[in-house]
>>> print(open('target_13.cif').read())   # mmCIF, C-alpha atoms
data_coords
#
loop_
_atom_site.group_PDB
_atom_site.id
_atom_site.type_symbol
_atom_site.label_atom_id
_atom_site.label_comp_id
_atom_site.auth_asym_id
_atom_site.auth_seq_id
_atom_site.Cartn_x
_atom_site.Cartn_y
_atom_site.Cartn_z
ATOM 1 C CA MET A 1 45.781 178.667 19.795
ATOM 2 C CA GLY A 2 43.922 178.843 16.511
ATOM 3 C CA THR A 3 42.875 181.192 13.788
ATOM 4 C CA PRO A 4 39.301 181.777 12.742
ATOM 5 C CA GLU A 5 38.338 180.204 9.456
ATOM 6 C CA ALA A 6 37.323 182.633 6.745
ATOM 7 C CA GLU A 7 33.918 181.027 6.297
ATOM 8 C CA GLY A 8 32.855 180.510 9.908
ATOM 9 C CA PRO A 9 32.996 182.109 13.326
ATOM 10 C CA VAL A 10 34.651 179.205 15.174
ATOM 11 C CA SER A 11 38.435 179.267 15.405
ATOM 12 C CA ARG A 12 39.029 175.617 14.609
ATOM 13 C CA PRO A 13 42.137 175.096 12.500
ATOM 14 C CA PRO A 14 41.476 173.581 9.079
ATOM 15 C CA VAL A 15 41.955 169.837 9.088
ATOM 16 C CA PHE A 16 44.087 167.988 6.556
ATOM 17 C CA PHE A 17 41.155 166.886 4.434
ATOM 18 C CA GLN A 18 39.911 170.478 4.039
ATOM 19 C CA GLN A 19 43.100 171.287 2.109
ATOM 20 C CA PRO A 20 42.609 169.783 -1.393
ATOM 21 C CA PHE A 21 46.228 169.968 -2.581
ATOM 22 C CA TRP A 22 47.556 168.024 0.412
ATOM 23 C CA THR A 23 44.661 165.594 0.179
ATOM 24 C CA ALA A 24 45.528 164.825 -3.438
ATOM 25 C CA ILE A 25 49.224 164.336 -2.575
ATOM 26 C CA GLY A 26 48.307 162.092 0.379
ATOM 27 C CA LEU A 27 45.924 159.953 -1.652
ATOM 28 C CA ALA A 28 48.495 159.562 -4.446
ATOM 29 C CA PHE A 29 51.103 158.442 -1.911
ATOM 30 C CA MET A 30 48.672 156.126 -0.135
ATOM 31 C CA SER A 31 47.784 154.350 -3.372
ATOM 32 C CA THR A 32 51.441 153.724 -4.247
ATOM 33 C CA GLY A 33 51.923 150.716 -1.932
ATOM 34 C CA PRO A 34 48.872 148.736 -3.023
ATOM 35 C CA LEU A 35 49.580 149.519 -6.705
ATOM 36 C CA VAL A 36 53.199 148.365 -6.422
ATOM 37 C CA LEU A 37 52.050 145.230 -4.592
ATOM 38 C CA ALA A 38 49.410 144.509 -7.253
ATOM 39 C CA ALA A 39 51.989 145.018 -10.016
ATOM 40 C CA GLY A 40 54.387 142.588 -8.327
ATOM 41 C CA LEU A 41 51.782 139.916 -7.695
ATOM 42 C CA GLY A 42 49.992 140.433 -10.998
ATOM 43 C CA GLY A 43 52.994 139.649 -13.170
ATOM 44 C CA TYR A 44 53.552 143.185 -14.488
ATOM 45 C CA VAL A 45 57.262 143.119 -13.577
ATOM 46 C CA PRO A 46 60.052 140.847 -14.780
ATOM 47 C CA ALA A 47 60.520 137.648 -12.758
ATOM 48 C CA GLU A 48 63.968 138.670 -11.478
ATOM 49 C CA ASP A 49 62.501 141.880 -9.946
ATOM 50 C CA LYS A 50 59.318 140.334 -8.578
ATOM 51 C CA LEU A 51 60.556 139.723 -5.006
ATOM 52 C CA ALA A 52 61.905 143.270 -4.604
ATOM 53 C CA VAL A 53 58.711 144.815 -6.005
ATOM 54 C CA VAL A 54 56.463 142.666 -3.777
ATOM 55 C CA VAL A 55 58.522 143.475 -0.653
ATOM 56 C CA THR A 56 58.430 147.181 -1.511
ATOM 57 C CA GLY A 57 54.664 146.955 -2.031
ATOM 58 C CA VAL A 58 54.152 145.191 1.301
ATOM 59 C CA VAL A 59 56.277 147.760 3.176
ATOM 60 C CA LEU A 60 54.539 150.733 1.549
ATOM 61 C CA THR A 61 51.097 149.183 2.120
ATOM 62 C CA ALA A 62 51.888 148.542 5.799
ATOM 63 C CA PHE A 63 53.137 152.135 6.136
ATOM 64 C CA THR A 64 49.923 153.379 4.496
ATOM 65 C CA VAL A 65 47.777 151.366 6.909
ATOM 66 C CA VAL A 66 49.673 152.718 9.944
ATOM 67 C CA VAL A 67 49.431 156.330 8.729
ATOM 68 C CA THR A 68 45.709 155.909 8.000
ATOM 69 C CA ILE A 69 45.063 154.495 11.488
ATOM 70 C CA ILE A 70 46.999 157.365 13.096
ATOM 71 C CA ALA A 71 45.058 159.935 11.031
ATOM 72 C CA VAL A 72 41.680 158.404 11.909
ATOM 73 C CA LEU A 73 42.517 158.198 15.625
ATOM 74 C CA GLY A 74 43.831 161.787 15.606
ATOM 75 C CA THR A 75 40.685 163.050 13.898
ATOM 76 C CA ALA A 76 38.483 161.193 16.374
ATOM 77 C CA ARG A 77 40.464 162.708 19.254
ATOM 78 C CA ASP A 78 40.112 166.214 17.783
ATOM 79 C CA HIS A 79 36.347 165.784 17.463
ATOM 80 C CA ARG A 80 36.140 164.568 21.060
ATOM 81 C CA VAL A 81 38.187 167.548 22.315
ATOM 82 C CA TRP A 82 36.028 170.101 20.467
ATOM 83 C CA ARG A 83 32.848 168.355 21.637
ATOM 84 C CA ASP A 84 34.192 168.522 25.205
ATOM 85 C CA LEU A 85 34.674 172.273 24.770
ATOM 86 C CA ASP A 86 31.148 172.557 23.336
ATOM 87 C CA THR A 87 29.631 170.828 26.381
ATOM 88 C CA ALA A 88 31.862 172.030 29.246
ATOM 89 C CA GLY A 89 33.080 175.375 27.921
ATOM 90 C CA VAL A 90 32.489 178.675 29.681
ATOM 91 C CA ARG A 91 31.864 181.755 27.524
ATOM 92 C CA VAL A 92 33.904 184.739 28.723
ATOM 93 C CA PRO A 93 34.805 188.056 27.099
ATOM 94 C CA GLY A 94 38.331 188.494 25.800
ATOM 95 C CA ARG A 95 39.593 192.088 25.815
ATOM 96 C CA VAL A 96 41.714 193.087 22.793
ATOM 97 C CA THR A 97 45.005 194.572 24.043
ATOM 98 C CA SER A 98 46.610 195.131 20.640
ATOM 99 C CA ALA A 99 45.445 194.981 17.035
ATOM 100 C CA GLU A 100 47.488 195.196 13.849
ATOM 101 C CA ARG A 101 46.291 195.005 10.234
ATOM 102 C CA VAL A 102 48.215 192.312 8.325
ATOM 103 C CA TRP A 103 47.992 190.520 4.999
ATOM 104 C CA CYS A 104 46.606 186.965 4.939
ATOM 105 C CA GLY A 105 47.577 185.839 1.480
ATOM 106 C CA GLU A 106 45.699 188.280 -0.746
ATOM 107 C CA ASP A 107 43.217 189.379 1.951
ATOM 108 C CA ARG A 108 43.519 191.807 4.829
ATOM 109 C CA CYS A 109 43.196 190.482 8.374
ATOM 110 C CA THR A 110 43.716 191.782 11.883
ATOM 111 C CA ARG A 111 46.245 190.187 14.228
ATOM 112 C CA VAL A 112 44.928 190.652 17.762
ATOM 113 C CA ARG A 113 46.359 189.997 21.213
ATOM 114 C CA MET A 114 43.731 189.425 23.880
ATOM 115 C CA LEU A 115 43.562 189.188 27.634
ATOM 116 C CA VAL A 116 41.108 186.466 28.666
ATOM 117 C CA THR A 117 39.883 186.287 32.249
ATOM 118 C CA VAL A 118 38.258 183.048 33.398
ATOM 119 C CA PRO A 119 36.662 182.656 36.854
ATOM 120 C CA GLY A 120 38.779 180.398 39.044
ATOM 121 C CA ARG A 121 41.835 180.541 36.757
ATOM 122 C CA PRO A 122 44.591 183.074 36.238
ATOM 123 C CA PRO A 123 44.069 185.392 33.247
ATOM 124 C CA PHE A 124 46.000 184.554 30.085
ATOM 125 C CA THR A 125 46.873 186.265 26.825
ATOM 126 C CA THR A 126 46.389 184.786 23.394
ATOM 127 C CA GLY A 127 46.878 185.872 19.821
ATOM 128 C CA HIS A 128 44.540 185.307 16.884
ATOM 129 C CA ILE A 129 44.163 186.303 13.271
ATOM 130 C CA VAL A 130 40.690 187.710 12.580
ATOM 131 C CA HIS A 131 39.839 187.400 8.884
ATOM 132 C CA GLY A 132 37.950 190.031 6.961
ATOM 133 C CA GLU A 133 37.939 193.741 6.317
ATOM 134 C CA LYS A 134 36.359 194.701 9.632
ATOM 135 C CA ILE A 135 38.835 196.592 11.772
ATOM 136 C CA VAL A 136 39.168 195.328 15.349
ATOM 137 C CA GLU A 137 40.133 198.079 17.759
ATOM 138 C CA VAL A 138 41.963 197.895 21.083
ATOM 139 C CA GLY A 139 39.430 197.512 23.888
ATOM 140 C CA THR A 140 37.005 195.488 21.765
ATOM 141 C CA SER A 141 35.382 192.555 23.537
ATOM 142 C CA ILE A 142 35.497 189.210 21.702
ATOM 143 C CA PRO A 143 33.601 186.230 23.165
ATOM 144 C CA VAL A 144 35.815 183.230 23.876
ATOM 145 C CA ASP A 145 34.813 179.692 24.878
ATOM 146 C CA VAL A 146 37.238 178.393 27.527
ATOM 147 C CA HIS A 147 37.332 174.937 29.063
ATOM 148 C CA PRO A 148 37.242 175.330 32.862
ATOM 149 C CA ALA A 149 39.916 172.702 33.592
ATOM 150 C CA ARG A 150 42.001 172.301 30.415
ATOM 151 C CA ASN A 151 44.112 174.678 28.375
ATOM 152 C CA LEU A 152 41.568 174.744 25.547
ATOM 153 C CA PHE A 153 39.792 177.755 24.075
ATOM 154 C CA ARG A 154 38.482 179.246 20.825
ATOM 155 C CA LEU A 155 36.942 182.443 19.524
ATOM 156 C CA VAL A 156 33.158 182.237 19.349
ATOM 157 C CA ASP A 157 32.030 185.206 17.322
ATOM 158 C CA GLU A 158 33.118 187.917 14.998
ATOM 159 C CA PRO A 159 34.392 190.842 17.047
ATOM 160 C CA SER A 160 31.837 193.394 18.176
ATOM 161 C CA SER A 161 32.546 196.835 19.561
ATOM 162 C CA GLY A 162 32.139 197.090 23.262
#
>>> encode(input="target_13.cif", output="structure tokens")
Amino acid sequence: MGTPEAEGPVSRPPVFFQQPFWTAIGLAFMSTGPLVLAAGLGGYVPAEDKLAVVVTGVVLTAFTVVVTIIAVLGTARDHRVWRDLDTAGVRVPGRVTSAERVWCGEDRCTRVRMLVTVPGRPPFTTGHIVHGEKIVEVGTSIPVDVHPARNLFRLVDEPSSG
């Protein structure tokens, strides 16, 4: 379901605001509507174009507000889901069934397939990318937090032999 972050042991996917390039693009786009609206209302455009510029500014500003609300609600939901896993999760060992060294950009990683067995639920398989130079071998046990009722899980630790 997720890949471990390079700097931490929890396999939460990076959120939008942890990716600076996309943040800069998003902020530039979000400021377009209010700037166009201010230009239209502030007299920075010719009189014959004023109505079109103001309407465009209003539409882009409304779109920006809707996108911002959706992003904030989505982030709040994500935090609630991870907190739910933190409080209700069960830690179980995942057994590595296959491991393959792959490139992750300029770094080496290991793509693993794991069999996770949870009490009271059928076992399931999952795939993850484990960052770093450490080689993960077949049969290695990797701790996994699994929600007892929902289809929600994440890697907890760096792999350890076992």
>>> resolve_selection(input="target_13.cif", expression="the PyMOL selection byres ((chain A and resi 37) around 12)", output="list of chain:residue names")
A:Ser31, A:Thr32, A:Gly33, A:Pro34, A:Leu35, A:Val36, A:Ala38, A:Ala39, A:Gly40, A:Leu41, A:Gly42, A:Gly43, A:Tyr44, A:Val45, A:Lys50, A:Leu51, A:Ala52, A:Val53, A:Val54, A:Val55, A:Thr56, A:Gly57, A:Val58, A:Val59, A:Leu60, A:Thr61, A:Ala62
>>> resolve_selection(input="target_13.cif", expression="the PyMOL selection byres ((chain A and resi 147) around 12)", output="list in words")
Val81, Trp82, Arg83, Asp84, Leu85, Asp86, Thr87, Ala88, Gly89, Val90, Arg91, Val92, Val118, Pro119, Gly120, Arg121, Val144, Asp145, Val146, Pro148, Ala149, Arg150, Asn151, Leu152, Phe153 and Arg154 of chain A
>>> residues_around(input="target_13.cif", residues="stretch 26-30 of chain A", least_positions_apart="4", cutoff="10 Å", atoms="all atoms listed in the file", output="PyMOL selection string")
chain A and resi 16-17+20-22+34-35+60-61+63-65+67-68
>>> atom_distance(input="target_13.cif", atom1="atom CA of A:Val116", atom2="atom CA of A:Val102")
22.3 Å
>>> residues_near_point(input="target_13.cif", point="(41.2, 192.7, 4.5)", cutoff="12 Å", atoms="all atoms listed in the file", output="list of chain:residue names")
A:Ala6, A:Glu100, A:Arg101, A:Val102, A:Trp103, A:Cys104, A:Gly105, A:Glu106, A:Asp107, A:Arg108, A:Cys109, A:Thr110, A:Arg111, A:Ile129, A:Val130, A:His131, A:Gly132, A:Glu133, A:Lys134, A:Ile135, A:Val136
>>> atom_distance(input="target_13.cif", atom1="atom CA of A:Ser141", atom2="atom CA of A:Pro122")
18.3 Å
>>> atom_distance(input="target_13.cif", atom1="atom CA of A:Val112", atom2="atom CA of A:Leu155")
11.6 Å
>>> closest_residue(input="target_13.cif", among="A:Ala76, A:Val96, A:Val156, A:Ala71", to="A:Gly127", atoms="all atoms listed in the file")
A:Val96
>>> closest_residue(input="target_13.cif", among="A:Leu115, A:Val66, A:Ala47, A:Ile142", to="A:Pro93", atoms="all atoms listed in the file")
A:Ile142
